[in-house]
Each structure stands twice: as C-alpha cells, then as structure tokens.
>>> print(open('upload_16.txt').read())   # compact mmCIF, C-alpha atoms
# COMPACT_ATOMS: atom_id res chain seq x y z
CA MET A 748 -140.67 96.79 -40.14
CA VAL A 749 -137.48 95.92 -42.01
CA SER A 750 -137.80 96.05 -45.80
CA CYS A 751 -136.61 97.74 -48.95
CA ASN A 752 -139.72 99.10 -50.63
CA PRO A 753 -138.89 100.24 -54.19
CA PHE A 754 -142.12 102.26 -54.41
CA LEU A 755 -140.81 104.60 -51.72
CA LEU A 756 -137.30 104.96 -53.14
CA PRO A 757 -135.92 107.60 -55.52
CA GLY A 758 -134.62 106.51 -58.89
CA HIS A 759 -135.90 105.13 -62.18
CA TRP A 760 -137.72 101.94 -63.16
CA PHE A 761 -135.81 99.54 -65.42
CA LYS A 762 -137.23 96.35 -66.91
CA GLY A 763 -134.86 93.41 -66.99
CA ALA A 764 -134.42 89.76 -67.96
CA LEU A 765 -132.24 87.94 -65.43
CA HIS A 766 -131.85 84.43 -66.89
CA VAL A 767 -131.21 84.04 -70.62
CA HIS A 768 -129.26 81.46 -72.67
CA THR A 769 -127.61 81.89 -76.06
CA THR A 770 -125.88 79.78 -78.71
CA CYS A 771 -122.83 79.84 -76.44
CA SER A 772 -124.57 77.06 -74.48
CA ASP A 773 -127.97 75.56 -75.35
CA GLY A 774 -129.88 78.60 -76.65
CA ARG A 775 -130.97 79.13 -80.25
CA LEU A 776 -130.12 82.84 -80.51
CA SER A 777 -126.69 84.46 -80.56
CA PRO A 778 -125.85 86.95 -77.79
CA ALA A 779 -126.33 89.83 -80.24
CA ASP A 780 -129.71 88.48 -81.37
CA VAL A 781 -130.81 88.02 -77.73
CA VAL A 782 -129.95 91.64 -76.99
CA ALA A 783 -131.75 92.91 -80.08
CA LEU A 784 -134.87 90.89 -79.29
CA TYR A 785 -135.17 91.96 -75.65
CA ARG A 786 -134.42 95.54 -76.57
CA SER A 787 -137.24 95.45 -79.14
CA ARG A 788 -139.62 94.23 -76.40
CA GLY A 789 -139.03 97.29 -74.21
CA TYR A 790 -136.44 95.89 -71.82
CA HIS A 791 -133.64 98.02 -70.40
CA PHE A 792 -131.19 95.28 -69.41
CA VAL A 793 -130.51 91.56 -69.78
CA VAL A 794 -128.23 89.13 -67.95
CA ILE A 795 -126.64 86.49 -70.21
CA THR A 796 -126.48 83.28 -68.16
CA ASP A 797 -125.17 80.47 -70.33
CA HIS A 798 -124.55 77.14 -68.64
CA ASN A 799 -121.28 76.78 -66.75
CA ARG A 800 -119.42 79.39 -68.79
CA ARG A 801 -118.97 83.15 -68.94
CA THR A 802 -120.17 84.44 -72.30
CA ASP A 803 -118.34 87.47 -73.64
CA VAL A 804 -120.77 90.41 -73.64
CA SER A 805 -118.28 93.12 -74.48
CA GLY A 806 -119.60 95.62 -77.01
CA LEU A 807 -123.24 94.60 -76.55
CA SER A 808 -124.28 97.37 -74.15
CA ALA A 809 -125.45 100.81 -75.25
CA PRO A 810 -126.27 104.03 -73.34
CA ASP A 811 -129.92 102.95 -73.17
CA PHE A 812 -129.44 99.19 -72.84
CA LEU A 813 -127.29 97.26 -70.37
CA VAL A 814 -125.92 93.75 -70.87
CA ILE A 815 -124.64 92.09 -67.69
CA PRO A 816 -122.39 89.01 -67.70
CA GLY A 817 -123.67 86.05 -65.74
CA VAL A 818 -123.83 82.27 -65.64
CA GLU A 819 -126.09 79.40 -64.63
CA LEU A 820 -124.16 76.82 -62.62
CA GLY A 821 -125.25 73.31 -61.71
CA TRP A 822 -123.67 71.58 -58.72
CA GLY A 823 -124.03 68.37 -56.76
CA CYS A 824 -127.29 66.61 -55.97
CA ASN A 825 -130.27 67.58 -53.87
CA GLU A 826 -132.42 65.13 -51.91
CA LEU A 827 -134.19 64.01 -55.10
CA GLY A 828 -130.90 63.43 -56.92
CA GLN A 829 -131.08 66.59 -59.05
CA PRO A 830 -128.38 69.27 -59.27
CA TYR A 831 -128.65 72.55 -57.41
CA HIS A 832 -128.95 75.32 -60.01
CA PHE A 833 -127.72 78.84 -59.26
CA VAL A 834 -127.90 81.97 -61.40
CA LEU A 835 -125.07 84.47 -60.94
CA ALA A 836 -125.39 88.05 -62.21
CA GLY A 837 -122.41 90.38 -62.51
CA LEU A 838 -119.87 87.59 -62.94
CA ARG A 839 -116.36 88.81 -62.21
CA GLY A 840 -113.48 87.32 -64.19
CA GLU A 841 -113.31 83.69 -65.24
CA LEU A 842 -115.09 80.82 -63.55
CA SER A 843 -113.23 78.66 -61.09
CA TRP A 844 -114.82 75.62 -59.54
CA PRO A 845 -113.05 73.89 -56.64
CA VAL A 846 -114.10 70.27 -56.17
CA GLU A 847 -115.20 68.47 -53.01
CA LEU A 848 -117.00 71.44 -51.48
CA SER A 849 -120.04 71.29 -49.21
CA ILE A 850 -123.11 73.19 -50.41
CA GLU A 851 -122.42 75.85 -47.77
CA ARG A 852 -118.91 76.40 -49.09
CA VAL A 853 -120.18 76.32 -52.67
CA VAL A 854 -122.54 79.25 -52.03
CA ALA A 855 -119.78 81.19 -50.25
CA HIS A 856 -117.55 80.57 -53.27
CA LEU A 857 -120.27 81.76 -55.64
CA ARG A 858 -120.67 84.98 -53.65
CA GLY A 859 -117.02 85.65 -54.35
CA LEU A 860 -117.67 85.31 -58.08
CA ALA A 861 -120.71 87.60 -58.39
CA PRO A 862 -122.62 90.13 -56.25
CA LEU A 863 -126.00 88.49 -56.96
CA VAL A 864 -126.71 84.77 -56.54
CA LEU A 865 -130.21 83.31 -57.06
CA LEU A 866 -131.62 79.82 -56.64
CA ALA A 867 -133.02 78.80 -60.02
CA HIS A 868 -136.39 77.08 -60.67
CA PRO A 869 -136.78 75.29 -57.28
CA TYR A 870 -140.02 73.51 -58.28
CA TRP A 871 -138.52 72.19 -61.51
CA SER A 872 -135.38 71.11 -59.62
CA GLY A 873 -137.31 69.27 -56.89
CA MET A 874 -135.89 71.39 -54.07
CA THR A 875 -137.21 70.76 -50.56
CA VAL A 876 -137.77 73.49 -48.00
CA ALA A 877 -135.13 72.06 -45.66
CA GLU A 878 -132.49 72.18 -48.39
CA MET A 879 -133.38 75.72 -49.35
CA ALA A 880 -133.58 76.98 -45.76
CA ALA A 881 -130.01 75.80 -45.16
CA LEU A 882 -128.63 78.03 -47.94
CA GLU A 883 -126.97 81.23 -46.70
CA GLY A 884 -125.79 84.05 -48.91
CA VAL A 885 -128.43 83.53 -51.63
CA ALA A 886 -130.48 86.65 -52.45
CA GLY A 887 -133.64 84.74 -53.28
CA LEU A 888 -135.33 82.31 -55.62
CA GLU A 889 -137.01 82.36 -58.99
CA VAL A 890 -140.66 82.71 -58.02
CA TYR A 891 -141.55 82.26 -61.69
CA ASN A 892 -139.52 80.63 -64.48
CA THR A 893 -141.08 80.84 -67.95
CA SER A 894 -139.12 77.95 -69.46
CA ALA A 895 -139.98 75.60 -66.59
CA GLU A 896 -143.64 76.59 -66.97
CA THR A 897 -143.87 76.11 -70.74
CA ASP A 898 -141.77 72.95 -70.51
CA LEU A 899 -143.84 70.98 -67.97
CA GLY A 900 -145.90 73.37 -65.83
CA LYS A 901 -143.42 73.70 -62.96
CA GLY A 902 -142.51 77.35 -63.32
CA LEU A 903 -144.33 78.79 -60.29
CA SER A 904 -142.50 78.52 -56.95
CA SER A 905 -144.62 80.81 -54.75
CA VAL A 906 -145.35 78.02 -52.23
CA HIS A 907 -141.62 77.36 -51.90
CA TRP A 908 -141.13 81.09 -51.30
CA ASP A 909 -143.81 81.25 -48.61
CA ASP A 910 -142.41 78.14 -46.91
CA LEU A 911 -139.07 79.91 -46.60
CA LEU A 912 -140.49 83.28 -45.56
CA ALA A 913 -142.56 81.62 -42.84
CA ARG A 914 -139.34 80.09 -41.49
CA GLY A 915 -137.62 83.46 -41.29
CA LYS A 916 -135.67 83.45 -44.57
CA ARG A 917 -135.55 86.97 -45.97
CA TRP A 918 -135.43 86.03 -49.62
CA TRP A 919 -136.64 88.02 -52.62
CA GLY A 920 -138.71 86.56 -55.46
CA TYR A 921 -137.45 86.98 -59.04
CA ALA A 922 -139.47 86.32 -62.21
CA VAL A 923 -137.34 85.17 -65.14
CA ASP A 924 -137.53 83.65 -68.61
CA ASP A 925 -134.68 81.10 -68.54
CA SER A 926 -135.04 81.59 -72.28
CA HIS A 927 -133.48 79.16 -74.74
CA GLY A 928 -135.48 80.35 -77.76
CA ILE A 929 -137.47 77.11 -77.49
CA ASN A 930 -141.13 76.42 -76.65
CA ASP A 931 -142.30 80.03 -76.31
CA ASP A 932 -140.01 80.74 -73.34
CA LEU A 933 -139.22 84.41 -74.01
CA ASP A 934 -140.78 87.55 -72.52
CA GLY A 935 -142.83 85.61 -69.97
CA GLY A 936 -141.24 86.72 -66.68
CA TRP A 937 -139.26 89.84 -65.79
CA VAL A 938 -138.34 92.29 -63.05
CA TRP A 939 -138.94 96.02 -62.74
CA VAL A 940 -135.99 97.42 -60.78
CA LYS A 941 -135.89 100.80 -59.04
CA ALA A 942 -132.29 102.01 -59.44
CA GLY A 943 -130.43 105.27 -59.53
CA SER A 944 -129.01 104.66 -62.99
CA LEU A 945 -128.81 102.07 -65.74
CA SER A 946 -125.41 100.85 -64.64
CA GLU A 947 -124.34 97.36 -63.62
CA GLU A 948 -123.46 98.42 -60.09
CA SER A 949 -126.71 100.32 -59.51
CA VAL A 950 -128.97 97.64 -61.01
CA LEU A 951 -127.32 94.72 -59.22
CA SER A 952 -127.30 96.57 -55.90
CA ALA A 953 -131.04 97.21 -56.25
CA LEU A 954 -131.71 93.58 -57.16
CA ALA A 955 -129.73 92.35 -54.17
CA ALA A 956 -131.55 94.73 -51.81
CA GLY A 957 -135.04 93.78 -53.00
CA ALA A 958 -135.73 97.12 -54.72
CA PHE A 959 -137.84 95.60 -57.50
CA TYR A 960 -141.04 93.75 -58.24
CA SER A 961 -141.57 90.79 -60.54
CA SER A 962 -144.21 90.18 -63.19
CA SER A 963 -145.47 87.93 -65.93
CA GLY A 964 -147.96 90.58 -67.11
CA PRO A 965 -149.60 93.09 -64.71
CA GLU A 966 -147.94 96.31 -63.60
CA ILE A 967 -147.77 97.39 -59.97
CA HIS A 968 -147.89 101.16 -59.52
CA ASP A 969 -147.62 101.37 -55.73
CA PHE A 970 -147.42 99.18 -52.63
CA ARG A 971 -147.03 100.54 -49.13
CA LEU A 972 -147.93 100.05 -45.49
CA GLU A 973 -149.20 103.08 -43.57
CA GLY A 974 -150.03 102.35 -39.98
CA GLU A 975 -151.84 99.01 -40.02
CA VAL A 976 -153.19 99.31 -43.56
CA ALA A 977 -151.44 97.96 -46.65
CA THR A 978 -152.43 99.41 -50.02
CA VAL A 979 -151.58 98.28 -53.53
CA ARG A 980 -152.37 99.96 -56.87
CA CYS A 981 -151.90 98.13 -60.14
CA SER A 982 -153.09 97.73 -63.72
CA PRO A 983 -156.58 96.17 -63.89
CA VAL A 984 -156.60 92.58 -62.57
CA GLN A 985 -159.15 90.05 -61.36
CA ARG A 986 -157.63 89.14 -57.99
CA ILE A 987 -155.27 90.71 -55.47
CA ASN A 988 -153.82 88.43 -52.81
CA PHE A 989 -152.35 89.80 -49.59
CA LEU A 990 -150.16 87.00 -48.27
CA GLY A 991 -148.56 86.37 -44.90
CA GLN A 992 -147.57 83.07 -43.34
CA ALA A 993 -150.15 80.29 -42.93
CA GLN A 994 -153.72 81.67 -42.99
CA TRP A 995 -152.85 85.32 -42.45
CA GLY A 996 -153.87 87.50 -45.39
CA PHE A 997 -156.85 88.09 -47.63
CA GLN A 998 -158.00 87.97 -51.26
CA ARG A 999 -159.80 90.84 -53.00
CA ARG A 1000 -161.76 89.92 -56.14
CA ALA A 1001 -163.12 92.05 -58.96
CA GLY A 1002 -166.81 92.03 -59.71
CA GLN A 1003 -168.03 90.20 -62.78
CA GLY A 1004 -166.86 92.06 -65.87
CA ASP A 1005 -164.91 94.58 -63.80
CA GLY A 1006 -161.22 95.13 -63.23
CA LEU A 1007 -159.61 95.64 -59.85
CA SER A 1008 -156.85 98.25 -59.73
CA CYS A 1009 -156.60 99.07 -56.01
CA ALA A 1010 -157.05 97.12 -52.78
CA GLU A 1011 -156.39 97.48 -49.07
CA TYR A 1012 -155.69 95.05 -46.26
CA ARG A 1013 -155.64 95.78 -42.53
CA LEU A 1014 -153.04 93.83 -40.61
CA CYS A 1015 -154.32 91.51 -37.91
CA GLY A 1016 -151.04 91.75 -36.00
CA ARG A 1017 -149.89 88.16 -36.50
CA GLU A 1018 -148.23 88.52 -39.90
CA LEU A 1019 -144.48 87.95 -39.94
CA TYR A 1020 -144.36 89.34 -43.46
CA LEU A 1021 -146.72 90.64 -46.11
CA ARG A 1022 -146.42 90.33 -49.86
CA VAL A 1023 -148.93 90.92 -52.67
CA GLU A 1024 -149.89 89.10 -55.85
CA CYS A 1025 -151.91 90.84 -58.59
CA ILE A 1026 -153.46 88.30 -60.99
CA ASP A 1027 -155.17 89.18 -64.26
CA ALA A 1028 -157.90 87.35 -66.20
CA HIS A 1029 -155.31 85.24 -68.04
CA GLY A 1030 -153.58 84.10 -64.85
CA ARG A 1031 -150.60 86.38 -65.39
CA THR A 1032 -149.24 87.65 -62.10
CA ALA A 1033 -147.20 90.44 -60.58
CA TRP A 1034 -145.43 89.81 -57.26
CA THR A 1035 -144.22 92.40 -54.77
CA ASN A 1036 -141.38 91.52 -52.50
CA PRO A 1037 -142.35 90.96 -48.86
CA LEU A 1038 -142.48 93.62 -46.20
CA PHE A 1039 -140.96 92.02 -43.11
CA LEU A 1040 -142.95 92.96 -40.01
CA SER A 1041 -141.63 93.06 -36.46
>>> encode(input="upload_16.txt", output="structure tokens")
Amino acid sequence: MVSCNPFLLPGHWFKGALHVHTTCSDGRLSPADVVALYRSRGYHFVVITDHNRRTDVSGLSAPDFLVIPGVELGWGCNELGQPYHFVLAGLRGELSWPVELSIERVVAHLRGLAPLVLLAHPYWSGMTVAEMAALEGVAGLEVYNTSAETDLGKGLSSVHWDDLLARGKRWWGYAVDDSHGINDDLDGGWVWVKAGSLSEESVLSALAAGAFYSSSGPEIHDFRLEGEVATVRCSPVQRINFLGQAQWGFQRRAGQGDGLSCAEYRLCGRELYLRVECIDAHGRTAWTNPLFLS
C-alpha cells in the first residue's frame, strides 16, 4: 500500500479554503473582508486565487490565521472548446506566461510558479478523462466546487476522480468554494489538513502529499486499513460509501431515524484503491483521499 494517511500522521488539523476570489478580480469582497469572513467561520487559512493575477496578501496573516498567495489561471481550449483552469497555491513572485506552449509544457511551467497546482472544476469545464489523464505534475482535482454547484449544479466531480484513479492516476480530491461572494458560494467546501504547523511551507507540503480530507459538512475522525479491513469513523451521517474502481466497494446505510458514525469494509482483493465518502441527511459529503493498494 502506498498512501499518505493524515489520520496516522503527527501534527495538527487546520481548516482551509483553497479557491477564493476578491475585488481584485471578479469577487465582491476585498481581500481583507475575505480574510475576516473566513476567520469568523472557524477557518485557519485561506488561499487568495484571483483570476490571472497575483493579489498582494502582505499584512493579512496573523499568528493564528494564514493567508497564502495564489491564482486561478485559464489557458487554451479543451476538447469542448473551454479553457483549462488551474489553481496555484503558494505563488512565487510575479506571473509570467509564455505563449505557444503545449498543455504539457504549460503544467511544467506552472509547477515552477507554485508548489501546488490543482485542476479546477472539471465537470463545469467539460473536461474529458483522456485530457485529464494526460496531465502530469498536477496534484489533483477539485472533487467539489461550491460555486459551480450553486451556479448550475456541476460542482461534484467524483466520477471524474474515479475515472482517473481507475486508470492509475494518483490524484488527490480537494473541496473548495471558488467563492466570488455571489449566489451563496461561501463556506460550502473546504479541506482539513494535517500539518506540523500553520505555516505556508508545512500546509502546502501536506496538501501536495495528500495529508488532508475534504468536506462540505461531515467530519471524519479516523480512516485506516488494518489487515484486510478498512474502518472509518465520522460525525453522524446517513450513508458511508467505500469506493474502489468499477464495482469494487460497498455502501453502509443508517437505519431509519438513526445516524451512522462508524463502518467497516473487508477488501475483496481486487481494489486498486479505496476511498470513502460520508454523506449526511442533507447530501453534504466528506471525502477521504484514496489509499492506493498494491
């Protein structure tokens, strides 16, 4: 088994928003107002990702709250004629954008600009599995994007994620807001990161390694594989899905009027990976990252 399981790692849990816009692009809140709002909601860090520009975040961090510079970049056209969208966290220096690059060279260039590169809202962008599978150097995709969900119902990209995992891509799944301060798109998707400290280097390293879980509501308290048995513990939910490729996995359901806070699954031996979804009565979900099985 090759994985980075945050529930087995030392460190502290930090709640973060990875994709947020401000008045410096097309958001309705200033950077300072964005920070104040997320801080009031119990977050520990936020990544400011205005479109195609690096927003100045100097002076916005505090000992108990971290503000990380980032950007959302659009480039080229996918098969459906829509731009590729990438979120960069930990943007170093000013943006440079060479022209006439292939998508492979674009991603390599982005990796030189920031230590964490994500594929944004693949369902909303009309990304195909072949296009995504060809991308190298991307840490993962947005498994849930609040803005894309409240905009037109295309915020959930779990099928895209499973398509890639089944083809051997070792990508992580990130829940985000993509908040613009429009259409109730704030505090709907976040990550809980297990890191050694609330520093940019520690948080971004954990995010790149998969040492986090994502959520739009439920909390996951533990997820581990001991022998052939996987166990998850969480806040009370209605369904827990154990997911491998194709038909491998199982769903546990709560009894009528009950809540389900723990479930087990015994591997059948054919799973290439195993991830878990915990879904509450309102459809809000928490996603573990996959355990990759040999």
>>> residues_around(input="upload_16.txt", residues="region 896-902 of chain A", least_positions_apart="5", cutoff="10 Å", atoms="all atoms listed in the file", output="VMD selection string")
chain A and resid 868 to 873 889 to 891 922 to 924 929 to 932 935
>>> write_last_selection(input="upload_16.txt", atoms="C-alpha atoms", output="PDB file, in the coordinates of the input")
ATOM      1  CA  HIS A 868    -136.390  77.080 -60.670  1.00  0.00           C
ATOM      2  CA  PRO A 869    -136.780  75.290 -57.280  1.00  0.00           C
ATOM      3  CA  TYR A 870    -140.020  73.510 -58.280  1.00  0.00           C
ATOM      4  CA  TRP A 871    -138.520  72.190 -61.510  1.00  0.00           C
ATOM      5  CA  SER A 872    -135.380  71.110 -59.620  1.00  0.00           C
ATOM      6  CA  GLY A 873    -137.310  69.270 -56.890  1.00  0.00           C
ATOM      7  CA  GLU A 889    -137.010  82.360 -58.990  1.00  0.00           C
ATOM      8  CA  VAL A 890    -140.660  82.710 -58.020  1.00  0.00           C
ATOM      9  CA  TYR A 891    -141.550  82.260 -61.690  1.00  0.00           C
ATOM     10  CA  ALA A 922    -139.470  86.320 -62.210  1.00  0.00           C
ATOM     11  CA  VAL A 923    -137.340  85.170 -65.140  1.00  0.00           C
ATOM     12  CA  ASP A 924    -137.530  83.650 -68.610  1.00  0.00           C
ATOM     13  CA  ILE A 929    -137.470  77.110 -77.490  1.00  0.00           C
ATOM     14  CA  ASN A 930    -141.130  76.420 -76.650  1.00  0.00           C
ATOM     15  CA  ASP A 931    -142.300  80.030 -76.310  1.00  0.00           C
ATOM     16  CA  ASP A 932    -140.010  80.740 -73.340  1.00  0.00           C
ATOM     17  CA  GLY A 935    -142.830  85.610 -69.970  1.00  0.00           C
TER      18      GLY A 935
END
>>> atom_distance(input="upload_16.txt", atom1="CA of Arg839 (chain A)", atom2="CA of Pro816 (chain A)")
8.2 Å
>>> residues_around(input="upload_16.txt", residues="Val782 (chain A)", least_positions_apart="6", cutoff="12 Å", atoms="all atoms listed in the file", output="VMD selection string")
chain A and resid 763 to 764 767 to 769 776 788 to 795 804 806 to 809 811 to 815
>>> residues_around(input="upload_16.txt", residues="Asn752 (chain A)", least_positions_apart="6", cutoff="9 Å", atoms="all atoms listed in the file", output="ChimeraX atom specification")
/A:957-959,970-971,1036-1038
>>> residues_around(input="upload_16.txt", residues="Ile967 (chain A)", least_positions_apart="3", cutoff="9 Å", atoms="only C-alpha atoms", output="PyMOL selection string")
chain A and resi 960+962+970+979-982+1025+1033-1035
>>> write_last_selection(input="upload_16.txt", atoms="C-alpha atoms", output="JSON list (two decimals), keeping the file's coordinate frame")
[["chain", "number", "residue", "atom", "x", "y", "z"],
["A", 960, "TYR", "CA", -141.04, 93.75, -58.24],
["A", 962, "SER", "CA", -144.21, 90.18, -63.19],
["A", 970, "PHE", "CA", -147.42, 99.18, -52.63],
["A", 979, "VAL", "CA", -151.58, 98.28, -53.53],
["A", 980, "ARG", "CA", -152.37, 99.96, -56.87],
["A", 981, "CYS", "CA", -151.90, 98.13, -60.14],
["A", 982, "SER", "CA", -153.09, 97.73, -63.72],
["A", 1025, "CYS", "CA", -151.91, 90.84, -58.59],
["A", 1033, "ALA", "CA", -147.20, 90.44, -60.58],
["A", 1034, "TRP", "CA", -145.43, 89.81, -57.26],
["A", 1035, "THR", "CA", -144.22, 92.40, -54.77]]
>>> atom_distance(input="upload_16.txt", atom1="CA of Val984 (chain A)", atom2="CA of Val1023 (chain A)")
12.6 Å
>>> atom_distance(input="upload_16.txt", atom1="CA of Glu966 (chain A)", atom2="CA of Gly1006 (chain A)")
13.3 Å
>>> residues_around(input="upload_16.txt", residues="Gly817 (chain A)", least_positions_apart="2", cutoff="12 Å", atoms="all atoms listed in the file", output="short mmCIF file (atom, residue, chain, number, x, y, z; two decimals) with C-alpha atoms, in the coordinates of the input")
data_model
loop_
_atom_site.label_atom_id
_atom_site.label_comp_id
_atom_site.auth_asym_id
_atom_site.auth_seq_id
_atom_site.Cartn_x
_atom_site.Cartn_y
_atom_site.Cartn_z
CA ALA A 764 -134.42 89.76 -67.96
CA LEU A 765 -132.24 87.94 -65.43
CA HIS A 766 -131.85 84.43 -66.89
CA VAL A 767 -131.21 84.04 -70.62
CA HIS A 768 -129.26 81.46 -72.67
CA THR A 769 -127.61 81.89 -76.06
CA VAL A 793 -130.51 91.56 -69.78
CA VAL A 794 -128.23 89.13 -67.95
CA ILE A 795 -126.64 86.49 -70.21
CA THR A 796 -126.48 83.28 -68.16
CA ASP A 797 -125.17 80.47 -70.33
CA HIS A 798 -124.55 77.14 -68.64
CA ASN A 799 -121.28 76.78 -66.75
CA ARG A 800 -119.42 79.39 -68.79
CA ARG A 801 -118.97 83.15 -68.94
CA THR A 802 -120.17 84.44 -72.30
CA ASP A 803 -118.34 87.47 -73.64
CA VAL A 804 -120.77 90.41 -73.64
CA VAL A 814 -125.92 93.75 -70.87
CA ILE A 815 -124.64 92.09 -67.69
CA GLU A 819 -126.09 79.40 -64.63
CA LEU A 820 -124.16 76.82 -62.62
CA PHE A 833 -127.72 78.84 -59.26
CA VAL A 834 -127.90 81.97 -61.40
CA LEU A 835 -125.07 84.47 -60.94
CA ALA A 836 -125.39 88.05 -62.21
CA GLY A 837 -122.41 90.38 -62.51
CA LEU A 838 -119.87 87.59 -62.94
CA ARG A 839 -116.36 88.81 -62.21
CA GLY A 840 -113.48 87.32 -64.19
CA GLU A 841 -113.31 83.69 -65.24
CA LEU A 842 -115.09 80.82 -63.55
CA LEU A 857 -120.27 81.76 -55.64
CA LEU A 860 -117.67 85.31 -58.08
CA ALA A 861 -120.71 87.60 -58.39
CA PRO A 862 -122.62 90.13 -56.25
CA LEU A 863 -126.00 88.49 -56.96
CA VAL A 864 -126.71 84.77 -56.54
CA LEU A 865 -130.21 83.31 -57.06
CA GLU A 947 -124.34 97.36 -63.62
CA LEU A 951 -127.32 94.72 -59.22
#
>>> axis_aligned_box(input="upload_16.txt", around="region 789-794 of chain A", padding_each_side="6 Å", output="JSON")
{"center_x": -133.6, "center_y": 93.6, "center_z": -71.1, "size_x": 22.8, "size_y": 20.9, "size_z": 18.3}
>>> residues_near_point(input="upload_16.txt", point="(-132.2, 73.5, -50.1)", cutoff="12 Å", atoms="only C-alpha atoms", output="number ranges by chain")
A: 823-827, 829-833, 850-851, 854, 866-870, 872-883, 885, 887-888, 907-908, 910-911, 916
>>> closest_residue(input="upload_16.txt", among="A:Leu848, A:Ala1028, A:Leu912, A:Leu954", to="Leu990 (chain A)", atoms="only C-alpha atoms")
A:Leu912
>>> closest_residue(input="upload_16.txt", among="A:Ala956, A:Ala855, A:Cys751, A:Leu1014", to="Gly991 (chain A)", atoms="all atoms listed in the file")
A:Leu1014
>>> closest_residue(input="upload_16.txt", among="A:Gly920, A:Gly974, A:Gly964, A:Gly1004", to="Arg1022 (chain A)", atoms="only C-alpha atoms")
A:Gly920
>>> build_atoms(input="upload_16.txt", residues="region 810-823 of chain A", atoms="N, CA and C atoms", output="JSON list (two decimals), in the frame of the given file")
[["chain", "number", "residue", "atom", "x", "y", "z"],
["A", 810, "PRO", "N", -125.86, 103.09, -74.40],
["A", 810, "PRO", "CA", -126.27, 104.03, -73.34],
["A", 810, "PRO", "C", -127.66, 103.77, -72.79],
["A", 811, "ASP", "N", -128.55, 103.19, -73.63],
["A", 811, "ASP", "CA", -129.92, 102.95, -73.17],
["A", 811, "ASP", "C", -130.24, 101.46, -73.00],
["A", 812, "PHE", "N", -129.22, 100.62, -73.04],
["A", 812, "PHE", "CA", -129.44, 99.19, -72.84],
["A", 812, "PHE", "C", -128.19, 98.56, -72.24],
["A", 813, "LEU", "N", -128.40, 97.81, -71.14],
["A", 813, "LEU", "CA", -127.29, 97.26, -70.37],
["A", 813, "LEU", "C", -127.27, 95.73, -70.52],
["A", 814, "VAL", "N", -126.11, 95.19, -70.81],
["A", 814, "VAL", "CA", -125.92, 93.75, -70.87],
["A", 814, "VAL", "C", -124.95, 93.35, -69.76],
["A", 815, "ILE", "N", -125.40, 92.48, -68.88],
["A", 815, "ILE", "CA", -124.64, 92.09, -67.69],
["A", 815, "ILE", "C", -124.16, 90.65, -67.85],
["A", 816, "PRO", "N", -122.88, 90.39, -67.60],
["A", 816, "PRO", "CA", -122.39, 89.01, -67.70],
["A", 816, "PRO", "C", -122.86, 88.18, -66.52],
["A", 817, "GLY", "N", -123.23, 86.95, -66.80],
["A", 817, "GLY", "CA", -123.67, 86.05, -65.74],
["A", 817, "GLY", "C", -123.42, 84.61, -66.14],
["A", 818, "VAL", "N", -123.99, 83.69, -65.37],
["A", 818, "VAL", "CA", -123.83, 82.27, -65.64],
["A", 818, "VAL", "C", -124.89, 81.51, -64.87],
["A", 819, "GLU", "N", -125.30, 80.35, -65.40],
["A", 819, "GLU", "CA", -126.09, 79.40, -64.63],
["A", 819, "GLU", "C", -125.19, 78.20, -64.34],
["A", 820, "LEU", "N", -125.03, 77.91, -63.05],
["A", 820, "LEU", "CA", -124.16, 76.82, -62.62],
["A", 820, "LEU", "C", -124.98, 75.71, -61.99],
["A", 821, "GLY", "N", -124.67, 74.47, -62.36],
["A", 821, "GLY", "CA", -125.25, 73.31, -61.71],
["A", 821, "GLY", "C", -124.21, 72.65, -60.83],
["A", 822, "TRP", "N", -124.64, 72.19, -59.65],
["A", 822, "TRP", "CA", -123.67, 71.58, -58.72],
["A", 822, "TRP", "C", -124.34, 70.49, -57.91],
["A", 823, "GLY", "N", -123.65, 69.38, -57.73],
["A", 823, "GLY", "CA", -124.03, 68.37, -56.76],
["A", 823, "GLY", "C", -125.38, 67.75, -57.00]]
